[in-house]
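Pasting structure_37.cif here (mmCIF, C-alpha atoms):
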data_protein
#
loop_
_atom_site.label_atom_id
_atom_site.label_comp_id
_atom_site.auth_asym_id
_atom_site.auth_seq_id
_atom_site.Cartn_x
_atom_site.Cartn_y
_atom_site.Cartn_z
CA MET A 1 106.07 61.13 146.00
CA THR A 2 103.65 62.32 143.35
CA GLN A 3 104.23 65.59 141.47
CA ARG A 4 100.54 66.37 141.09
CA ASP A 5 99.62 69.67 142.75
CA MET A 6 103.16 69.74 144.17
CA ASP A 7 103.55 73.53 143.99
CA GLN A 8 100.53 74.02 146.25
CA LYS A 9 101.69 71.32 148.65
CA LEU A 10 105.13 72.88 148.97
CA GLN A 11 103.66 76.34 149.52
CA MET A 12 101.44 75.09 152.33
CA ARG A 13 104.33 73.13 153.80
CA ARG A 14 106.42 76.30 153.86
CA ALA A 15 103.53 78.23 155.41
CA PHE A 16 103.05 75.64 158.17
CA TRP A 17 106.81 75.54 158.79
CA LEU A 18 106.99 79.31 159.13
CA MET A 19 104.09 79.14 161.61
CA GLY A 20 106.32 76.98 163.82
CA ALA A 21 105.05 73.49 162.92
CA SER A 22 106.76 70.37 161.61
CA THR A 23 105.27 68.95 158.42
CA ARG A 24 104.83 65.85 156.29
CA LEU A 25 103.55 65.43 152.75
CA GLU A 26 101.13 62.79 151.43
CA VAL A 27 100.03 60.93 154.55
CA LYS A 28 97.89 57.88 153.76
CA LEU A 29 94.87 57.04 155.91
CA GLY A 30 93.19 53.63 156.00
CA SER A 31 92.70 50.49 158.06
CA LEU A 32 93.65 46.85 158.28
CA ILE A 33 91.10 44.38 156.93
CA PRO A 34 90.78 40.58 157.14
CA ARG A 35 93.18 38.91 154.72
CA GLU A 36 91.41 37.01 151.93
CA ASP A 37 93.35 34.83 149.52
CA ARG A 38 96.16 36.96 148.13
CA ARG A 39 94.49 40.31 148.57
CA ALA A 40 96.13 43.04 150.58
CA ASP A 41 95.35 43.09 154.29
CA ARG A 42 94.92 46.87 154.36
CA GLN A 43 92.68 49.29 152.59
CA GLU A 44 93.35 52.96 151.99
CA TRP A 45 90.58 55.46 152.67
CA THR A 46 92.22 58.61 151.44
CA ASP A 47 95.39 60.65 151.86
CA LEU A 48 96.35 64.01 153.29
CA ASP A 49 98.27 66.34 151.01
CA VAL A 50 99.97 68.18 153.88
CA LEU A 51 99.99 67.37 157.59
CA ALA A 52 101.35 69.91 160.09
CA ILE A 53 102.17 69.03 163.70
CA HIS A 54 102.85 71.28 166.65
CA TYR A 55 103.37 70.46 170.29
CA ALA A 56 103.30 72.67 173.37
CA PRO A 57 102.91 71.51 176.98
CA VAL A 58 99.96 73.85 177.50
CA SER A 59 97.96 72.57 174.52
CA GLY A 60 99.43 69.17 173.69
CA VAL A 61 99.57 67.95 170.11
CA THR A 62 97.97 70.19 167.50
CA GLN A 63 97.44 68.96 163.94
CA LEU A 64 96.56 70.93 160.81
CA VAL A 65 95.76 69.51 157.37
CA ALA A 66 95.65 70.96 153.87
CA ASP A 67 93.84 69.73 150.77
CA CYS A 68 95.64 71.00 147.66
CA LYS A 69 94.05 70.69 144.23
CA THR A 70 94.32 72.48 140.90
CA SER A 71 90.92 71.30 139.62
CA ARG A 72 87.96 73.70 139.61
CA THR A 73 85.22 71.11 140.18
CA ARG A 74 83.58 69.64 143.29
CA VAL A 75 84.66 72.41 145.65
CA ALA A 76 81.69 71.96 148.01
CA GLU A 77 82.22 68.21 148.05
CA ARG A 78 85.89 68.66 149.00
CA ILE A 79 84.94 71.03 151.80
CA PHE A 80 82.68 68.37 153.31
CA TRP A 81 85.44 65.80 152.76
CA LEU A 82 88.01 67.98 154.49
CA ARG A 83 85.71 68.48 157.48
CA GLY A 84 85.40 64.72 157.80
CA VAL A 85 89.17 64.26 157.59
CA MET A 86 89.64 66.85 160.31
CA ASP A 87 87.26 64.93 162.56
CA LEU A 88 88.95 61.62 161.73
CA THR A 89 92.48 62.82 162.45
CA GLY A 90 91.66 65.24 165.25
CA ALA A 91 93.02 68.17 163.24
CA ARG A 92 92.29 71.54 164.78
CA GLN A 93 92.27 73.38 161.47
CA GLY A 94 91.89 72.48 157.81
CA PHE A 95 92.86 74.46 154.71
CA LEU A 96 91.19 74.09 151.33
CA VAL A 97 93.80 75.26 148.82
CA ARG A 98 92.93 76.14 145.22
CA ASP A 99 94.53 78.18 142.42
CA PHE A 100 91.36 79.81 141.12
CA PRO A 101 89.04 82.35 142.82
CA LEU A 102 86.61 80.56 145.11
CA PRO A 103 82.88 81.27 144.82
CA ALA A 104 81.26 83.20 147.66
CA ALA A 105 78.97 80.24 148.41
CA ALA A 106 81.98 77.94 148.80
CA ARG A 107 83.63 80.36 151.20
CA GLN A 108 80.45 80.54 153.28
CA LEU A 109 80.23 76.75 153.43
CA ALA A 110 83.88 76.53 154.47
CA PHE A 111 83.26 79.11 157.19
CA ARG A 112 80.25 77.20 158.54
CA LEU A 113 82.27 73.98 158.71
CA GLY A 114 85.36 75.55 160.27
CA VAL A 115 87.55 75.22 157.17
CA SER A 116 89.91 77.93 155.92
CA ALA A 117 89.53 78.51 152.16
CA LEU A 118 92.61 79.81 150.32
CA ASP A 119 92.85 80.71 146.65
CA ARG A 120 96.10 81.81 145.00
CA GLU A 121 95.79 85.40 146.22
CA ASP A 122 95.09 84.32 149.80
CA ARG A 123 98.05 81.94 149.73
CA GLU A 124 100.45 84.57 148.41
CA ALA A 125 99.33 86.98 151.15
CA LEU A 126 99.84 84.30 153.81
CA LEU A 127 103.36 83.49 152.66
CA ARG A 128 104.25 87.16 152.34
CA ASP A 129 103.18 87.79 155.93
CA LEU A 130 105.24 84.79 157.11
CA ARG A 131 108.65 85.81 155.67
CA GLU A 132 108.43 83.33 152.81
CA ASP A 133 111.73 84.61 151.37
CA ASP A 134 113.76 83.02 154.18
CA PRO A 135 116.83 81.17 152.79
CA VAL A 136 116.17 77.98 154.77
CA VAL A 137 112.63 77.75 153.49
CA LEU A 138 113.72 78.49 149.92
CA GLY A 139 116.56 76.00 150.22
CA LEU A 140 115.76 72.80 152.11
CA LEU A 141 111.99 72.99 151.66
CA ASN A 142 111.90 73.93 147.99
CA GLY A 143 110.87 71.76 145.06
CA PRO A 144 114.24 70.36 143.88
CA ALA A 145 115.45 69.49 147.39
CA VAL A 146 112.21 67.75 148.35
CA SER A 147 112.06 65.93 144.99
CA ARG A 148 115.61 64.68 145.53
CA TRP A 149 114.63 63.41 148.97
CA GLY A 150 111.57 61.60 147.61
CA SER A 151 113.48 60.08 144.69
CA LEU A 152 116.27 58.86 146.95
CA LEU A 153 113.96 57.12 149.42
CA SER A 154 111.94 55.55 146.60
CA ALA A 155 115.16 54.08 145.19
CA THR A 156 115.76 51.74 148.12
CA PRO A 157 116.21 48.04 147.22
CA ALA A 158 113.23 45.71 146.92
CA GLU A 159 114.28 43.98 150.15
CA LEU A 160 113.24 47.14 152.01
CA ASP A 161 109.75 47.26 150.49
CA ARG A 162 108.17 45.99 153.68
CA LEU A 163 109.86 48.73 155.73
CA HIS A 164 108.89 51.29 153.10
CA ARG A 165 105.23 50.19 153.29
CA TYR A 166 105.31 50.51 157.05
CA ARG A 167 106.87 54.00 156.84
CA THR A 168 104.37 55.32 154.32
CA THR A 169 101.21 53.38 155.22
CA GLY A 170 101.43 50.97 158.14
CA TYR A 171 102.61 53.60 160.60
CA TRP A 172 99.50 55.68 159.98
CA LEU A 173 97.16 52.67 160.20
CA ALA A 174 98.25 51.58 163.66
CA PRO A 175 97.03 53.18 166.89
CA ARG A 176 99.66 55.84 167.52
CA HIS A 177 101.00 54.39 170.79
CA ARG A 178 101.60 51.03 169.08
CA ASN A 179 104.32 52.61 166.95
CA LEU A 180 106.55 52.87 170.02
CA THR A 181 107.17 49.13 169.60
CA ALA A 182 106.07 48.56 166.00
CA LEU A 183 108.65 50.91 164.47
CA PRO A 184 111.71 49.32 166.16
CA ALA A 185 110.34 45.90 165.18
CA ALA A 186 109.98 46.95 161.53
CA VAL A 187 113.47 48.47 161.40
CA THR A 188 115.09 45.52 163.20
CA ALA A 189 113.52 43.09 160.72
CA ALA A 190 115.11 45.06 157.85
CA ARG A 191 118.46 45.94 159.43
CA ASP A 192 120.49 43.46 157.35
CA MET A 193 119.36 45.28 154.20
CA LEU A 194 120.06 48.76 155.59
CA ASP A 195 123.45 49.34 153.98
CA SER A 196 124.91 52.41 155.69
CA SER A 197 127.20 53.07 152.71
CA GLN A 198 124.24 53.84 150.44
CA PRO A 199 123.18 57.48 149.97
CA TRP A 200 119.59 56.69 151.04
CA SER A 201 120.58 55.17 154.40
CA LEU A 202 120.90 58.33 156.50
CA PRO A 203 117.82 60.11 155.07
CA LEU A 204 115.81 56.95 155.72
CA VAL A 205 117.00 56.52 159.32
CA VAL A 206 116.40 60.21 160.10
CA ASP A 207 112.91 60.01 158.60
CA LEU A 208 112.19 56.97 160.77
CA ALA A 209 113.47 58.94 163.76
CA TRP A 210 110.98 61.72 162.90
CA LEU A 211 108.16 59.17 162.87
CA TYR A 212 109.30 57.74 166.19
CA LEU A 213 109.53 61.15 167.81
CA PHE A 214 106.01 61.92 166.60
CA ALA A 215 104.83 58.72 168.33
CA LEU A 216 106.66 59.83 171.48
CA VAL A 217 105.06 63.27 171.34
CA ILE A 218 101.62 61.65 171.04
CA ALA A 219 102.50 59.53 174.08
CA LEU A 220 103.48 62.61 176.12
CA ASP A 221 99.86 63.71 176.31
CA ASP A 222 98.76 60.32 177.67
CA ILE A 223 101.71 60.10 180.06
CA GLY A 224 100.80 63.47 181.57
CA ARG A 225 97.19 62.42 182.08
CA ILE A 226 98.10 59.13 183.76
CA ARG A 227 100.72 60.24 186.30
CA LEU A 228 102.28 63.67 185.99
CA ALA A 229 104.69 63.17 188.90
CA ASP A 230 106.10 59.88 187.59
CA PRO A 231 106.18 59.64 183.78
CA ARG A 232 107.59 56.10 183.98
CA ILE A 233 104.23 54.87 185.25
CA GLY A 234 102.50 56.63 182.38
CA LEU A 235 104.92 55.15 179.84
CA SER A 236 104.35 51.65 181.19
CA GLN A 237 100.60 52.04 180.69
CA VAL A 238 101.05 53.51 177.20
CA VAL A 239 103.29 50.60 176.10
CA VAL A 240 101.64 47.70 177.94
CA GLY A 241 98.14 48.97 178.68
CA ASP A 242 96.16 49.52 181.84
CA GLU A 243 96.17 47.11 184.77
CA ARG A 244 93.63 44.82 183.14
CA GLU A 245 95.67 44.58 179.94
CA ARG A 246 98.89 44.08 181.88
CA ARG A 247 97.36 41.17 183.80
CA GLU A 248 96.17 39.62 180.55
CA LYS A 249 99.66 39.88 179.04
CA ASP A 250 101.28 38.58 182.22
CA ALA A 251 98.95 35.58 182.03
CA ILE A 252 99.91 34.95 178.39
CA ALA A 253 103.60 35.22 179.28
CA ALA A 254 103.12 32.73 182.13
CA GLN A 255 101.37 30.30 179.80
CA LEU A 256 104.25 30.56 177.31
CA ARG A 257 106.77 29.86 180.06
CA SER A 258 104.77 26.82 181.18
CA LEU A 259 104.61 25.61 177.60
CA PHE A 260 108.37 25.92 177.14
CA GLU A 261 109.02 24.15 180.45
CA ALA A 262 106.81 21.24 179.35
CA MET A 263 108.70 20.75 176.11
CA PRO A 264 111.28 17.97 176.20
CA LYS A 265 115.03 18.45 175.71
CA ARG A 266 115.08 22.06 176.76
CA GLN A 267 118.21 23.09 178.65
CA GLN A 268 117.04 26.65 179.30
CA VAL A 269 113.59 28.17 179.45
CA PRO A 270 113.60 31.46 177.50
CA ALA A 271 112.57 34.59 179.34
CA VAL A 272 109.25 36.05 178.24
CA ASP A 273 108.44 39.62 179.25
CA VAL A 274 105.53 41.94 178.55
CA VAL A 275 107.88 44.84 177.75
CA PRO A 276 110.47 44.90 174.95
CA PRO A 277 114.17 44.41 175.80
CA TYR A 278 114.91 48.05 175.00
CA TYR A 279 112.30 49.31 177.46
CA GLU A 280 114.87 50.84 179.83
CA ASP A 281 116.42 52.81 176.97
CA LEU A 282 112.95 53.90 175.88
CA SER A 283 112.13 54.95 179.43
CA ASP A 284 115.33 56.98 179.62
CA LEU A 285 114.54 58.69 176.30
CA VAL A 286 110.99 59.50 177.40
CA ILE A 287 112.23 61.00 180.70
CA ARG A 288 114.64 63.28 178.85
CA LEU A 289 111.93 64.32 176.42
CA TRP A 290 109.41 64.80 179.24
CA ARG A 291 111.73 67.13 181.16
CA ARG A 292 112.23 69.28 178.06
CA ARG A 293 108.91 68.70 176.37
CA SER A 294 108.64 72.37 175.41
CA LEU A 295 111.52 71.62 173.01
CA ALA A 296 109.89 68.59 171.39
CA ILE A 297 108.72 70.63 168.41
CA ASP A 298 112.29 71.90 167.91
CA ALA A 299 113.51 68.30 167.76
CA LEU A 300 110.81 67.39 165.22
CA ARG A 301 111.73 70.38 163.04
CA THR A 302 115.42 69.49 163.28
CA LEU A 303 114.75 65.94 162.06
CA GLU A 304 112.50 67.24 159.27
CA LEU A 305 115.26 69.50 157.96
CA ALA A 306 117.99 66.93 158.53
CA THR A 307 116.39 64.19 156.44
CA VAL A 308 116.08 66.55 153.45
CA ALA A 309 119.60 67.90 154.05
CA ALA A 310 121.02 64.37 154.16
CA ALA A 311 119.33 63.49 150.87
CA ASN A 312 120.88 66.56 149.27
CA SER A 313 124.32 66.06 150.85
CA VAL A 314 124.31 69.40 152.64
CA ALA A 315 124.49 70.35 156.30
CA VAL A 316 121.68 72.07 158.13
CA PRO A 317 122.85 75.72 158.27
CA SER A 318 124.14 76.73 161.70
CA PHE A 319 121.80 79.72 161.92
CA VAL A 320 118.81 77.35 161.88
CA VAL A 321 119.48 76.59 165.55
CA THR A 322 119.12 80.24 166.50
CA ASP A 323 116.55 81.39 163.95
CA PHE A 324 114.20 78.41 163.77
CA VAL A 325 115.05 76.08 166.66
CA GLU A 326 114.54 77.96 169.90
CA HIS A 327 117.20 76.07 171.87
CA SER A 328 120.14 73.89 170.91
CA LEU A 329 118.85 71.27 173.37
CA GLY A 330 116.11 70.65 170.80
CA VAL A 331 118.84 69.52 168.40
CA LYS A 332 120.26 67.32 171.16
CA LEU A 333 116.84 65.69 171.65
CA ALA A 334 116.72 64.95 167.93
CA SER A 335 120.17 63.35 168.18
CA ASP A 336 118.98 61.26 171.15
CA VAL A 337 116.10 59.83 169.10
CA VAL A 338 118.43 58.95 166.22
CA ARG A 339 120.80 57.27 168.70
CA PHE A 340 117.91 55.31 170.20
CA ILE A 341 116.86 53.96 166.79
CA ILE A 342 120.44 53.02 165.90
CA ARG A 343 121.10 51.27 169.22
CA THR A 344 117.75 49.54 169.58
CA CYS A 345 117.73 48.21 166.02
CA ARG A 346 121.48 47.53 166.05
CA LEU A 347 122.28 49.63 162.98
CA ASP A 348 125.69 50.85 161.91
CA ARG A 349 126.78 53.43 164.50
CA SER A 350 128.56 55.52 161.89
CA LEU A 351 125.08 56.82 161.03
CA GLN A 352 125.05 58.68 164.35
CA GLY A 353 128.24 60.56 163.53
CA ARG A 354 126.93 61.43 160.10
CA PHE A 355 123.74 62.81 161.62
CA ASP A 356 125.70 64.95 164.07
CA ASP A 357 127.80 66.23 161.15
CA LEU A 358 124.58 67.54 159.63
CA THR A 359 123.15 69.20 162.70
CA PHE A 360 125.95 70.30 165.04
CA GLU A 361 128.50 72.95 164.26
CA ALA A 362 131.79 71.45 163.03
CA GLY A 363 130.19 68.02 163.16
CA ARG A 364 130.55 67.74 166.92
CA ASN A 365 127.74 67.14 169.37
CA PRO A 366 128.67 69.50 172.23
CA PHE A 367 126.50 67.54 174.66
CA ASP A 368 128.38 64.28 174.05
CA SER A 369 131.44 63.75 176.20
CA ALA A 370 131.57 60.88 178.64
CA THR A 371 128.42 59.40 177.14
CA ALA A 372 129.62 59.54 173.55
CA ASP A 373 130.15 55.77 173.46
CA ASP A 374 126.72 55.11 174.97
CA SER A 375 128.43 53.43 177.92
CA THR A 376 125.85 54.79 180.35
CA MET A 377 122.87 53.52 178.40
CA THR A 378 121.17 50.24 179.13
CA SER A 379 121.76 47.47 176.62
CA SER A 380 118.91 46.99 174.17
CA GLU A 381 120.07 43.51 173.21
CA PRO A 382 117.75 40.66 174.25
CA LYS A 383 119.34 38.62 177.02
CA GLN A 384 120.54 35.16 176.08
CA GLY A 385 117.54 32.90 175.72
CA GLN A 386 115.07 35.77 175.94
CA ILE A 387 112.26 36.04 173.42
CA ASP A 388 111.39 39.53 172.28
CA LEU A 389 107.68 39.29 171.51
CA PHE A 390 107.76 42.85 170.13
CA SER A 391 110.10 41.91 167.26
CA VAL A 392 109.25 40.01 164.10
CA GLU A 393 111.94 37.41 164.83
CA GLY A 394 110.71 36.94 168.40
CA ARG A 395 107.12 36.34 167.36
CA GLN A 396 108.29 33.84 164.74
CA GLU A 397 110.50 32.09 167.29
CA ALA A 398 107.69 31.83 169.82
CA GLY A 399 105.35 30.48 167.16
CA GLY A 400 107.90 27.90 166.07
CA ARG A 401 108.39 26.45 169.50
#
Could I get this structure in the form of structure tokens?
Amino acid sequence: MTQRDMDQKLQMRRAFWLMGASTRLEVKLGSLIPREDRRADRQEWTDLDVLAIHYAPVSGVTQLVADCKTSRTRVAERIFWLRGVMDLTGARQGFLVRDFPLPAAARQLAFRLGVSALDREDREALLRDLREDDPVVLGLLNGPAVSRWGSLLSATPAELDRLHRYRTTGYWLAPRHRNLTALPAAVTAARDMLDSSQPWSLPLVVDLAWLYLFALVIALDDIGRIRLADPRIGLSQVVVGDERERREKDAIAAQLRSLFEAMPKRQQVPAVDVVPPYYEDLSDLVIRLWRRRSLAIDALRTLELATVAAANSVAVPSFVVTDFVEHSLGVKLASDVVRFIIRTCRLDRSLQGRFDDLTFEAGRNPFDSATADDSTMTSSEPKQGQIDLFSVEGRQEAGGR
């Protein structure tokens, strides 16, 4: 995480948080490109200084972006740039943030393009109106705490570089619904290097859970459009595709089965499915989120606070649940997402208890009783002989046969 313009970024993050959103700093935008020789297969277009996300059933996903700079030059150019970024990302509102007084012409241009222009005085007024002196905001979202979080996650071993690149870049390059399967595949491929005894392990897993929940929230909009009465049908189309795409994938799966059957010395033909082996667990998670989708933003905000709290070895204060998270079931939804990541990717289950220590009073999840051992959840393990085409290992295995 870069320190350039960090004061402005943190101020806008606090402002967005106090408006009821969940936030993320320094989001990279770009695309995949054809691989040539040893050059990278992706190219960055630009990055967002601050991204804010809100979700409500009546309006769906709302995104806001902020461009934070201390330089005095190229203000008009950055306003045009910000308008383009808003169109690219689907952001409903953009904020041009500067420390110096903005010229009247720049403010008029921003107004014409639907951009909010904030100089230092505007920003101070905004934060003052939003109770910027709140202890949670001054604590977990302040400079030292966020810097500690960034430093800890950047100190992961080199073996996790691929997962780190996915978390910071690859996730934002992929079509959002693809991350429902791409994220578990990336984490599963790196699970042997995810040492739960290291101080970075829990902040990393919780941050990945935030990313996964964001992908789920994006999917909620599509699920509601496809079949409101039966979200499982909508989820199937989000994960697999429409009927045409499903038939294409079924045909590919049938061809793979025929190929395996034709190979000599095979005692068992591996199962090939168009959905990942953890699909039933994913379906169960989506149903729970769908039934309480008005609390999705609470779960996102819980995970956002928890990853910073874990990096700083402190618990999320108990009053956060009442003052900032509208219902404790939002905290439970956050815990469900963490549990899903841990089970699906077969990570150390002690991470779940450590997360609950951060977010539930006295370290106990009051919603966990008979289901505390996950005995009622469907197994996410691939069946014996089954090839998981959604995992890195599965694709390699299929290619090797």
Check which residues satisfy the PyMOL selection byres ((chain A and resi 312) around 12) in the file shown, then give them as a ChimeraX atom specification. /A:139-142,144-153,199-200,202-203,305-311,313-316,358
Shell around Arg42 of chain A at 9 Å using all atoms listed in the file, local window under 2 positions removed, as a PyMOL selection string: chain A and resi 30-35+39-40+44+170+173
Would you mind exporting C-alpha atoms of the selected residues as a PDB file, keeping the file's coordinate frame?
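What landed in again.pdb:
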ATOM      1  CA  GLY A  30      93.190  53.630 156.000  1.00  0.00           C
ATOM      2  CA  SER A  31      92.700  50.490 158.060  1.00  0.00           C
ATOM      3  CA  LEU A  32      93.650  46.850 158.280  1.00  0.00           C
ATOM      4  CA  ILE A  33      91.100  44.380 156.930  1.00  0.00           C
ATOM      5  CA  PRO A  34      90.780  40.580 157.140  1.00  0.00           C
ATOM      6  CA  ARG A  35      93.180  38.910 154.720  1.00  0.00           C
ATOM      7  CA  ARG A  39      94.490  40.310 148.570  1.00  0.00           C
ATOM      8  CA  ALA A  40      96.130  43.040 150.580  1.00  0.00           C
ATOM      9  CA  GLU A  44      93.350  52.960 151.990  1.00  0.00           C
ATOM     10  CA  GLY A 170     101.430  50.970 158.140  1.00  0.00           C
ATOM     11  CA  LEU A 173      97.160  52.670 160.200  1.00  0.00           C
TER      12      LEU A 173
END
In Å to one decimal, how far is atom CA of Thr62 of chain A from atom CA of Arg92 of chain A?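 Value for the atom CA of Arg92 of chain A-atom CA of Thr62 of chain A distance: 6.4 Å.
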Carefully work through the PyMOL selection byres ((chain A and resi 340-348) around 8) for this structure and note down the residues it includes, as a PyMOL selection string. chain A and resi 184-185+187-188+191+194+196+205+209+278+281-282+285+336-339+349-352+380-381
How would you write, as JSON, numbers by chain, the residues chosen by the PyMOL selection byres ((chain A and resi 233-236) around 8) on this structure? {"A": [219, 222, 223, 224, 225, 226, 227, 228, 230, 231, 232, 237, 238, 239, 240, 241, 283, 286]}
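Here atom CA of Val61 of chain A is placed at a distance of 19.4 Å from atom CA of Val331 of chain A.
You will find atom CA of Asp242 of chain A at 17.6 Å from atom CA of Ala229 of chain A.
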So which one's closest to Val27 of chain A, A:Ala52, A:Ala271, A:Leu82, A:Leu183? Using all atoms listed in the file, please.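 The shortest atom-to-atom distance to Val27 of chain A comes from A:Ala52.
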Using all atoms listed in the file, the best pick from A:Gln8, A:Thr46, A:Ala21, A:Arg131 as closest to Ser71 of chain A would be A:Gln8
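Nearest residue to Leu127 of chain A, choosing from A:Leu10, A:Ala174, A:Phe111, A:Arg301 and counting only C-alpha atoms: A:Leu10.
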When you count only C-alpha atoms, which of these residues is closest to Leu96 of chain A: A:His54, A:Arg178, A:Arg288, A:Lys9?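 Checking each candidate against Leu96 of chain A, we get A:Lys9 as the closest.
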